[in-house]
2 protein chains.
Amino acid sequence: MAFCYGAPRMPELRRDPVVDRWVIIAPERADRPNALIRDFQLPDDEDGCPFCPGNEFLTPPEIAALREQGRWTWRIVPNRYPALRTEERMSRKGIGLYDRVAGVGAHEVIIETDSHKQPLHELPLPRISSVLRAVQDRILDLSRDVRLRSIVFFKNSGAIAGGSLSHAHSQLLALPIVPLELQRELEGARRHFEARERCIYCDVLDQEIGDRSRLVLETDLCVVLAPYAARTPFELLVLPREHRSAFERSSAEELSALASALRTALRKLDLALDRPAYNLYLHTLPLR
Amino acid sequence: MAFCYGAPRMPELRRDPVVDRWVIIAPERADRPNALIRDFQLPDDEDGCPFCPGNEFLTPPEIAALREQGRWTWRIVPNRYPALRTEERMSRKGIGLYDRVAGVGAHEVIIETDSHKQPLHELPLPRISSVLRAVQDRILDLSRDVRLRSIVFFKNSGAIAGGSLSHAHSQLLALPIVPLELQRELEGARRHFEARERCIYCDVLDQEIGDRSRLVLETDLCVVLAPYAARTPFELLVLPREHRSAFERSSAEELSALASALRTALRKLDLALDRPAYNLYLHTLPLR
């Protein structure tokens, strides 16, 4: 995400003319507290935390929530400093060499728990499943907007991973473009399928389950592994055992299995690395 | 860079089967102090600094240095925890779906100054030029090894940018593959040239010099600009004004101009952001 000054304050997407990579330019996000000069300790004050019960007035109006006996257990709200907005008029424009698209889309925050100090993987299993189902519902809802091409769901946990609040939360971006990383994965998978008429992820699973040296966890519906060409130490890949390309088409059972695999994997990391900061990304088929 | 345990302790390159990205797996680098669990304050003790005069015995034997009146002003040494080694036997291997190449190459450290607390951009201009010429000489020397395909020269300054020592230094990797990022830039530039018979970087320069809104610095031989599709706030691109594709073919005059542009740009960042951590990369044509 990048920022610019003195420019009109509407978010936009810009394409890198050399490598075909789109970036979001969101001037408003520079207004966040400590947006540019940050100290790498997150404030840990429940009183001022916009994600704590009692402080709901600090977030924009709620999109969805789960309530039990009058208390919420998770909430989804628009990001207060959105990188994209649904209200934007869709427009594409060339500026000499460059390509620009108005910042049409959505930027939502999933507040995963009402408890300030509880990380996602310390929640009871049904509550983790419920958060994943909420994300699935948001994707299904957003996918009806024909302007949107892809959804990126991610979690930056800890200041070093890019998190700016310590209360457990994740984010969802709905985009009018397909991000380069996802484009490349699709091209690679297509290349493999054209050559072999098999899914590359199914082939990877087969080989890893046979080899066993990089297997972290194996259940009926889910496999967690350390990728062969990991980019960082302790990178993990969580794959459904059955061929699936779109997260929003997962069954309730598959989401429960994913919740359980995520919980175990994140707990293992917590133990091995003493509560590390981490990034979590959902890789799923573009909407269109 | 990734790490693995219980595996043979020789560095290797591994290809991601989906996106064609190579990563270096270098088990030895896990032996570095604080390799895995790091605190984000760099130690600032000159006595134990392996890059300070008097502590030369803490580095592997010197590859090159500039000495004046018995004192060195810069030194180049092999990385003590190398990601790649020239002594490796070249071998390519398929492991089922996966591709592996032995970690043939070089991993060198450029100690930019004898003074522990002096950042690169506070050195006198002729000394910055001399460091850049030293890098150029190393590239020319390494380019004679026909097993090597590309050179990556980079600088991680500050703990948050991945630096692990505060004494000013940069690094050079000579690789038997072409990194994905560089491959994509080449493909993009080639696509543009095939369509228009013009260099894309020359076109970008033309447009930015005309537009002036993203121009940071302009000299006879160099232009510094904020890229249109910047990935981070304050990303800067330093381009030679004349069409050049290979750093090692720059003239002494061009290197002096680059030294001066780099110094000014880094000083501006220091002022604006109060000595930020930063990453610097050289983008240059693969060797073969």
# chains A, B, ... in the order shown; residues from 1 in each chain; ligands from 1
call {"tool": "interface_residues", "arguments": {"of": "chain B", "to": "chain A", "cutoff": "8 Å", "atoms": "only C-alpha atoms", "output": "JSON, numbers by chain"}}
result
{"B": [1, 2, 3, 4, 14, 15, 16, 17, 18, 19, 20, 22, 23, 25, 36, 37, 96, 97, 98, 160, 184, 185, 187, 188, 189, 200, 203, 204, 207, 228, 229, 230, 231, 232, 233, 273]}
call {"tool": "residues_around", "arguments": {"residues": "range 52-57 of chain A", "least_positions_apart": "3", "cutoff": "9 Å", "atoms": "only C-alpha atoms", "output": "list of chain:residue names"}}
result
A:Glu46, A:Asp47, A:Gly48, A:Cys49, A:Pro60, A:Pro61, A:Glu62, A:Arg71, A:Trp72, A:Ile111, A:Thr113, A:Asp114, A:Ser115, A:His116, A:His167
call {"tool": "select_by_dssp", "arguments": {"residues": "range 39-280 of chain A", "states": "strand (DSSP E)", "output": "PyMOL selection string"}}
result
chain A and resi 64-68+71-78+92-95+98-102+106-111+150-157+169-175+215-218+222-225+237-240+278-280
call {"tool": "residues_around", "arguments": {"residues": "Ala265 in chain B", "least_positions_apart": "3", "cutoff": "10 Å", "atoms": "only C-alpha atoms", "output": "PyMOL selection string"}}
result
chain B and resi 121+216-217+224-225+236-238+259-262+268-270
call {"tool": "write_last_selection", "arguments": {"atoms": "N, CA and C atoms", "output": "mmCIF file, in the first residue's frame"}}
result
data_model
loop_
_atom_site.group_PDB
_atom_site.id
_atom_site.type_symbol
_atom_site.label_atom_id
_atom_site.label_comp_id
_atom_site.auth_asym_id
_atom_site.auth_seq_id
_atom_site.Cartn_x
_atom_site.Cartn_y
_atom_site.Cartn_z
ATOM 1 N N HIS B 121 25.675 7.324 3.508
ATOM 2 C CA HIS B 121 25.411 8.627 2.898
ATOM 3 C C HIS B 121 26.029 9.789 3.651
ATOM 4 N N VAL B 216 12.236 13.764 -7.700
ATOM 5 C CA VAL B 216 12.859 14.092 -6.415
ATOM 6 C C VAL B 216 14.180 14.804 -6.648
ATOM 7 N N LEU B 217 14.861 14.444 -7.733
ATOM 8 C CA LEU B 217 16.199 14.970 -7.983
ATOM 9 C C LEU B 217 16.529 14.763 -9.448
ATOM 10 N N VAL B 224 16.219 10.887 -9.845
ATOM 11 C CA VAL B 224 15.604 10.146 -8.742
ATOM 12 C C VAL B 224 14.124 10.487 -8.743
ATOM 13 N N LEU B 225 13.263 9.440 -8.713
ATOM 14 C CA LEU B 225 11.834 9.724 -8.721
ATOM 15 C C LEU B 225 11.071 8.787 -7.801
ATOM 16 N N LEU B 236 11.819 5.036 -3.659
ATOM 17 C CA LEU B 236 12.482 5.880 -4.652
ATOM 18 C C LEU B 236 13.144 5.019 -5.710
ATOM 19 N N LEU B 237 13.212 5.568 -6.920
ATOM 20 C CA LEU B 237 13.837 4.875 -8.040
ATOM 21 C C LEU B 237 14.941 5.791 -8.558
ATOM 22 N N VAL B 238 16.166 5.262 -8.604
ATOM 23 C CA VAL B 238 17.291 6.048 -9.122
ATOM 24 C C VAL B 238 17.614 5.498 -10.500
ATOM 25 N N ALA B 259 26.584 8.067 -7.021
ATOM 26 C CA ALA B 259 26.983 8.260 -5.622
ATOM 27 C C ALA B 259 26.355 9.539 -5.081
ATOM 28 N N SER B 260 26.428 10.591 -5.871
ATOM 29 C CA SER B 260 25.904 11.880 -5.439
ATOM 30 C C SER B 260 24.381 11.838 -5.297
ATOM 31 N N ALA B 261 23.698 11.198 -6.265
ATOM 32 C CA ALA B 261 22.232 11.105 -6.203
ATOM 33 C C ALA B 261 21.800 10.275 -5.000
ATOM 34 N N LEU B 262 22.495 9.162 -4.777
ATOM 35 C CA LEU B 262 22.179 8.301 -3.636
ATOM 36 C C LEU B 262 22.358 9.063 -2.332
ATOM 37 N N LYS B 268 17.829 13.096 2.296
ATOM 38 C CA LYS B 268 16.460 13.621 2.337
ATOM 39 C C LYS B 268 15.563 12.690 3.159
ATOM 40 N N LEU B 269 15.718 11.381 2.959
ATOM 41 C CA LEU B 269 14.922 10.422 3.725
ATOM 42 C C LEU B 269 15.247 10.496 5.215
ATOM 43 N N ASP B 270 16.530 10.642 5.522
ATOM 44 C CA ASP B 270 16.952 10.758 6.922
ATOM 45 C C ASP B 270 16.268 11.923 7.611
#
call {"tool": "closest_residue", "arguments": {"among": "B:Ile110, B:Met10, B:Val101, B:Ala26", "to": "Leu66 in chain B", "atoms": "only C-alpha atoms"}}
result
B:Ile110
call {"tool": "select_by_dssp", "arguments": {"residues": "range 35-255 of chain A", "states": "alpha helix (DSSP H)", "output": "ChimeraX atom specification"}}
result
/A:125-142,180-196,200-211,252-255
call {"tool": "residues_around", "arguments": {"residues": "Leu175 in chain A", "least_positions_apart": "6", "cutoff": "6 Å", "atoms": "only C-alpha atoms", "output": "PyMOL selection string"}}
result
chain A and resi 105+148-150
call {"tool": "closest_residue", "arguments": {"among": "B:Thr284, B:Asn156, B:Asn79, B:Gln171", "to": "Ala246 in chain B", "atoms": "only C-alpha atoms"}}
result
B:Thr284
call {"tool": "atom_distance", "arguments": {"atom1": "CA of Leu42 in chain B", "atom2": "CA of Tyr81 in chain B"}}
result
17.9 Å
call {"tool": "atom_distance", "arguments": {"atom1": "CA of Arg241 in chain B", "atom2": "CA of Cys222 in chain B"}}
result
5.1 Å
call {"tool": "atom_distance", "arguments": {"atom1": "CA of Ile128 in chain A", "atom2": "CA of Thr86 in chain A"}}
result
27.7 Å
call {"tool": "residues_around", "arguments": {"residues": "Arg133 in chain B", "least_positions_apart": "5", "cutoff": "9 Å", "atoms": "only C-alpha atoms", "output": "ChimeraX atom specification"}}
result
/B:128,138,248,252,255
